[in-house]
Each structure stands twice: as structure tokens, then as C-alpha cells.
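These notes are about the structure you will find just below.
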Amino acid sequence: MKYSYYIFFLQLICIALPARGQYTSLFTPDVPDQITISISGKKMAFYQHLIMQADKDPSAVIEPQYKTSFKISIKDPHSSSLFKAKARIMGDWKDHISAVRKPHVSSLKIALKKGNIGGIVDFKLLLPRTRNRNMEIFWTALMEYIGFPTLFTKYVYVSINGLRYKAIFQESPQKEFLERFGLRESPIIEADERQLWSNRLYEVAFGNPYNNTPEIAAKIDNNAFLKNPTAMVIATKGIQRFIEELKNPNGDNTIFFNEIHDRYAEHALIWHNRKMIYDPIYNLFIPIYYDGNVGEIRNKKSPCSNKSSIDDFLKKPVSKKDQQWLDTFQTIYKARSWEDLNYSQQCILRDILELQKTMSQWKRMLPISKKRLPFSTTTLQQEHNIGIFKGDLYIQSFYNDTFQDCIYDLTTNKIKTCTPIDNTLAKKSISGSREPTQTTPQKIYNLVQGIVDQTENITETFLHIKPNNKDIQMAIAPNHVLFLQIDPGSNERNFKFKLQDSLTSKIVISGEVGPQDHFTFINTSKHNIPATEARYDQNLLTSCVTYYDVTFKGGYLFADKMYCEDAINIIRSKGTINEIHIQNASYDALDIDFSTLTIDSVKVQSAGNDCVDVSSGKYNFKKIDAILCGDKGISVGERAHVIVDQITIKNAYDAAVSKDLSTLSINHLQASQISQHCLSSYQKKQEHGPARLTVSRYQCSGSIYKDQLSKILYK
């Protein structure tokens, strides 16, 4: 089996990165050019029956009863083994099925039970005509290229029991998609179309189609996020913000997105086609392109609407730098579509390049006080519309610290009563899987409204540290988050913070840390995390101290007595740190994600879980001293690439661990009092693959562990 351990570095070399502040894919999924599917005789007959019945059905759409899942097997592209999976017919309209020839085919939605395809475990195989063929590949590649998180899309050949046809491979929006763009698992909010389609089908039956559009409704797309009540509250906040954003856009990274889609993919801007990533830390949205019917150019602002204007536009001179940008995209596009850019695509690409120079506005580039949007609770809405139906509408809200169903009378426009519901039913509502509350004369689905009261009374303040600010001492009150924006400074500066509650006093830092900046974080209370609670809050903060989108030009970090899931968490940051010193951490001491960092010295004295835990990035540690680690001395995961010159570990369960397509290279390891393994290398998560650990010198009396495909090398 062949895996590319250095794909992260090749990505940096081979692709011209977008401007600072945008979302860059950390690697390109290694999706093969052919997907080989095996379906047993009975399952194949069942699949063919579903297609034929859907095709014969007088309805213009594919009804839900034809979307029943069935078992399939997919060949591992790296070996002769097979991955077990589930598949079903997907799509709204009947262009997603083809019953012209036998065997019949359709667009498919596939979920792998084991293994992955290029790091992807859930994906679609779309009939090309349903997405305007290569224009879908062109647009998704372009959206990714200019900095929007985008579902990986390319042409593949599909072979089903020997029948070979061309399809569009497109990943589904799941955790691995978010992490590939440097985003921790967060809610992906999408429009809830169920009431819209219920109205359409009802109206078609009575000969009066599409005259009664319901109000905007939303649900979460990545249901796996809903692991606990806190996640459900975060998702409910996201749904509320999503509806507010569609009704009154406020520019959450959407100004540029909306303009270019209005020109070239306006179908993606229809409310029931919208998808957005909700970032609870910044309380803002990152739009995702979906189903835009790309190429239907009706916007008069576009220079690409007819051949004459295209000719004139393409005659304009292009700078050497811009030509390199255009050429790089051409290479990416050809790899995914197997074609060169056509005349119209060249014009669109040039126009997007020009628009990007003047319109691209990214919240991540702003001070945290401007990119962190305030969250306001809503009120129980007194006006609702689902179309022509009059009767009872169930509205779910988070109200008085519990999920509640409020029954709204569509005839009197008044709320009758509100009743608490259990979390199981609330989860179904948030995910859009709840059964209709009424079925006659048509199906009526519930709405999720939002947060009706302040659930945890969390307050927040913003502090801007400027270059001439020298010494700051602050106490962080319980149920309070300090958002700290730091400007670069060359002189010595000392920042001391006392956290008055071990779980609810939080600090989020953004900006640039100077070479002589000293940070001290001390918790002054004691509080253990309840075993049944989520180890993050409603802002999705796992740590007491979070460095988010920070450039480090040095700096010294010290933390003591932290009881959060992570004492210090560094996310999506870059640069060099002089020293990190953490002691008495209840769980992970140092956690770093999606970053590129060189750290001169790390000292950890007593951590309840991992002393050092890094993932998805490139890290160089000169020296690590880790004493009393409840689990691992150093844990490297999720495609991280780590070099450690010298590491000393004393009293840990495992000393050094590399997992999930990561590489860990250690020059000198000295470990003692190790309960289990000195060196470990293995795959843990389905979406990844085998790992590698290389060590030049090590002193350790424990055992060595690796799985069948991972490696441990000795130099």
C-alpha cells in the first residue's frame, strides 16, 4: 500500500497559495480516477428495481421511498481488499436517474463503513448532467483556489459490476472536510427543504405548482457533530444565525462570495441551496458553494456573457504574476477534469482574479473585536408562514435552559403552549430527521428557531494590546471570555492573567506575539470537569487559553493549574515560540492544531492526559521535557509532520506516538517510567492511514507497538 507522507509539504511547494487570511486546503485528497463497486445479485436487482420504479412514478421528483440504502463493496485503490459501504439513490429531480439502458444507473450517495477514498469516507457519485458537467469541477476547484472551503470534486470513472461510466465524485461535508481547511469540527448549517418540497408536491397534486413558498428553515448537515447537549445548543445558535444571515446579510465573509456567485452560479444563492460553516469562536459564517448551475450567465456585470465581450476581455494584458496564478489553476483544473480550460472558463477565471483584488474581504484578517460578531438571543416569533396550510406548527427553541416545542396556531397567528422535550427528539429536529408533526392534508415539518434566552449568562470583553503597552494584569471573572487582540511589539512586555473559575474563565488571543512578550496564566480556583459534560463550552472552546490565528515572533507562555480539556490550545497559527511552560494541567497540557510552528523549549510538569498533543500541521521542537503525563508524552496525529531534536519523558503511559498518516522524527529520546509503549505508530481514525515514526537515538525500557501498515524506523 502506498501513501504519500509528504503531501502536505508538496502542497505548499506546488500550489500558489491564496492571500493571507483565507482558508487553504492542507492537502489534496488522493482520489483515484476509477471507483470500482461490487453489488451482490439480490442487492443489484433491488437497486435496479428502485430506479425503474422512480422512473415510472408520475411525480416529477424522486420520492423518498426510492432512496432506500443497500449494501455495496468498493475496491481499495491501494490494494485488492474491499471496503464495505452503504449506498442509496440521491437527488431531487429525475435527471439523477438513467433508465435508458441496462443496467440502469443513478447518482449515488455512499458512506464507507471502513477505509477511505483519499481521506474521504462519505461522498457522492453524481451523473455529470445533474451538475452541468465539467463546469461543476471548474467552479469547485476555483472556489477552493481563491480561499473558500470547498467540497473536493473531480471526474472519475465508476465501474459497477463491470459497467463503466463517467461520474462526478464529490465529498460530503463531514469532519474530515472541515479539518482539511484548518477548521475544527463545527456545525455545517444548510437550508431545510422538507417543507418546500412538501408544499410543491401538494400543490402539483392540485394543479397549482410553486405558488406557496414557506419561510426560511434550516438544519445541521453534519449530524455527527451532535454528540452532546452543548453541541446541540451550538448548532441551534448556528441555525438562528444562518436564518438571520439569509434574511439580512451582514458580510460574514459573504460579500465576495455573493458577488461572484451572482455573476456565474446564482442558483447557489437561492436560500434552499445555501450551506455555511458556523464558527462559534468568531460567531460568523464561512459560505460553502453548493449546486450553482455554473455557467448560466445572466448578470450584465459579467464580461463573459457573449463571445464578443469575451474576446475583448481576454485581449487585456496580464502581468507575469497574474499569469502564473492563472497557469497554476489550469494545472489543478486539468488534474480534476481531464480537460483544458475552455474559452468561457478562461474569461470567468480572469474576471474572478480581477474581482478578488478589489472585493475579497475576509473576517480572519480583521482585529478580533471586529470579526467576533455579538450573539443576541431571539424572541418567540409571532408570525410564521409555511404556505397555504392552516393549523398547528411545531417550533423548537432552546428556552429556559431546555429544548422546548412551542405549538403555533397558523390560523390565529398565536403560540398556544410551550412544552419541554427530551434531547433525543430535539436532536432529530436539529438534524432534520424528525418525522412530520402532521401528515394530512399535507406533511408539516417543525421549525428550529434558535436561542430564546441567554443559556449560560456568558459575558465577553475585548482588549487591544498595542506596541507601547508594557505590563498588563487582569482577572478573568467566572462565565467570562476575554478576546485579546495583540499588536506586534519589540520591547519586553508582561501580561499576567488570573482565571477566577477553572472552567468558565476563558481567554482567546489573536494577532501577533512579539519576541519579548511574556504571558502568565494562573487559575485561582479548583473545579473538575463532570464526566458527563462536553469538554468544550458554547463557543466551542476546549481550552482555558486559546491562541487563534496568531503569528508568533517569539514569546514565552506559562500556565499553571488549568482544569480545561486543554491548558493551552494553539490553532491555525505560525511562527516561532521561545518557550512554553505548563504545570498542573488536569487534562492535555499543550494542544496544537492546523499550525506551522518552531518551538525552542516545551516544559510540562504534570498533565492528566497528554503532555504534548499536535495534529494537522508542521512542527519543529528543539527540546521537550515532559514529566508526569497521564497518557502520552508526545502524541502526533491527523497528518501532522513533526521533528523533535531532543525529548525527555518521565512517568507516562506511552512515550512517543505517531498516528493517522503522521510522521514523527526524533533525534534523541530519553524516557523512563513508561507504563506501556516507548514508541507507537498506528492508524486510529477511519479517514486517515498508517503512520511513521523515526528515531535516531533512544533510551527507554518499555515495549514497541505498530500496526501492520505503519512504520517505526531506526537510524
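Each chain in the C-alpha cells gets a letter, A, B and so on, in the order shown; residues start at 1 in every chain, and ligands are counted from 1 in the order they appear.
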
With only C-alpha atoms as the counted atoms, please give the residues lying no more than 12 Å from Thr440 in chain A, apart from itself and same-chain residues fewer than 5 positions off, as a ChimeraX atom specification. /A:198-199,202,389-392,445

Put those residues in a file: C-alpha atoms, as a tab-separated table (two decimals), in the first residue's frame.
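Once written, part-v8.tsv looks like this:
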chain	number	residue	atom	x	y	z
A	198	SER	CA	-43.92	19.07	0.76
A	199	ASN	CA	-45.64	22.23	-0.48
A	202	TYR	CA	-49.08	19.04	-2.55
A	389	PHE	CA	-51.76	25.22	5.14
A	390	LYS	CA	-53.53	26.45	8.27
A	391	GLY	CA	-53.25	24.52	11.51
A	392	ASP	CA	-50.62	23.80	14.16
A	445	TYR	CA	-42.46	19.79	9.46

Run DSSP on the backbone and grab whatever in range 65-178 of chain A lands in strand (DSSP E or B); send it over as a ChimeraX atom specification. /A:70-75,82-89,93,97-98,105-106,108-112,117,120,122-126,153-160,163-171

Surrounding residues of Val657 in chain A excluding itself and chain neighbours under 6 positions, 6 Å, only C-alpha atoms, as a ChimeraX atom specification: /A:635,680-681

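CA of Ile386 in chain A is positioned 19.1 Å from CA of Thr417 in chain A.
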
Extract the full set of helix (DSSP H, G or I) residues from range 227-309 of chain A according to DSSP on the backbone, and format it as a PyMOL selection string. chain A and resi 229-247+255-264+266-269+271-273+307-309

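Checking A:Asn423, A:Ser69, A:Asn161, A:Ser543 one by one against Ser40 in chain A, counting only C-alpha atoms, you find the shortest gap at A:Asn161.
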
Determine, counting only C-alpha atoms, which protein, DNA and RNA residues have an atom within 10 Å of an atom of Trp93 in chain A; residues of the same chain fewer than 6 positions away are not included. Present the result as a count of residues only. 6

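You can rank A:Cys304, A:Leu112, A:Leu349, A:Leu178 by their closest distance to Asp322 in chain A using only C-alpha atoms, and at the top of that list sits A:Leu349.
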
List the spatial neighbours of Ile666 in chain A as a compact mmCIF listing (two decimals) with N, CA and C atoms, in the first residue's frame - criterion: any atom at most 8 Å away, only C-alpha atoms, same-chain residues fewer than 2 positions off excluded.
# COMPACT_ATOMS: atom_id res chain seq x y z
N ILE A 643 9.19 17.24 13.84
CA ILE A 643 10.61 16.95 14.09
C ILE A 643 10.92 17.38 15.52
N VAL A 644 11.51 16.49 16.29
CA VAL A 644 11.92 16.78 17.66
C VAL A 644 13.41 16.50 17.78
N ASP A 645 14.17 17.49 18.19
CA ASP A 645 15.61 17.27 18.35
C ASP A 645 15.90 16.47 19.61
N GLN A 646 15.35 16.91 20.73
CA GLN A 646 15.63 16.22 22.00
C GLN A 646 14.37 16.21 22.85
N ILE A 647 14.00 15.04 23.35
CA ILE A 647 12.82 14.93 24.19
C ILE A 647 13.11 14.00 25.37
N LEU A 664 6.59 11.41 12.65
CA LEU A 664 7.30 11.93 13.82
C LEU A 664 8.75 11.48 13.73
N HIS A 668 16.75 12.43 19.50
CA HIS A 668 17.19 11.79 20.74
C HIS A 668 16.02 11.72 21.71
N LEU A 669 15.61 10.50 22.06
CA LEU A 669 14.54 10.28 23.02
C LEU A 669 15.11 9.60 24.26
N LEU A 693 7.10 6.66 12.41
CA LEU A 693 7.90 7.22 13.49
C LEU A 693 9.36 6.85 13.24
N THR A 694 10.24 7.84 13.24
CA THR A 694 11.66 7.62 13.02
C THR A 694 12.42 8.14 14.24
N VAL A 695 13.36 7.34 14.75
CA VAL A 695 14.15 7.76 15.90
C VAL A 695 15.62 7.43 15.65
N SER A 696 16.49 8.38 15.97
CA SER A 696 17.93 8.16 15.79
C SER A 696 18.55 7.51 17.02
N ARG A 697 18.28 8.09 18.18
CA ARG A 697 18.80 7.52 19.43
C ARG A 697 17.67 7.53 20.45

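Neighbouring residues of Lys300 in chain A at 12 Å or closer, counting only C-alpha atoms and skipping chain neighbours under 4 positions away, are Asp262, Arg263, Tyr264, Glu296, Cys304, Ser305, Asn306 and Ser309 of chain A.
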
Selected residue, from A:Lys632, A:Lys466, A:His104, A:Lys166, that lies nearest to Arg133 in chain A when counting only C-alpha atoms: A:Lys166

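Using only C-alpha atoms, the residues found no farther than 7 Å from range 229-234 of chain A, other than those of its own chain fewer than 4 positions away, are A:Phe225, A:Gly238, A:Lys427, A:Ala534, A:Asp537, A:Gln538.
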
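One distance worth recording is that between CA of Phe181 in chain A and CA of Glu565 in chain A, which is 22.9 Å.
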
Residue with the minimum atom-to-atom distance to Ser186 in chain A, picked from A:Ile592, A:Leu541, A:Ala265, A:Ile260 with only C-alpha atoms counted, is A:Leu541

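Note that CA of Glu185 in chain A and CA of Glu435 in chain A are 26.6 Å apart.
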
Which is closer to Ser106 in chain A than all the others in A:Leu142, A:Ile168, A:Val602, A:Ala217, using only C-alpha atoms? A:Ile168
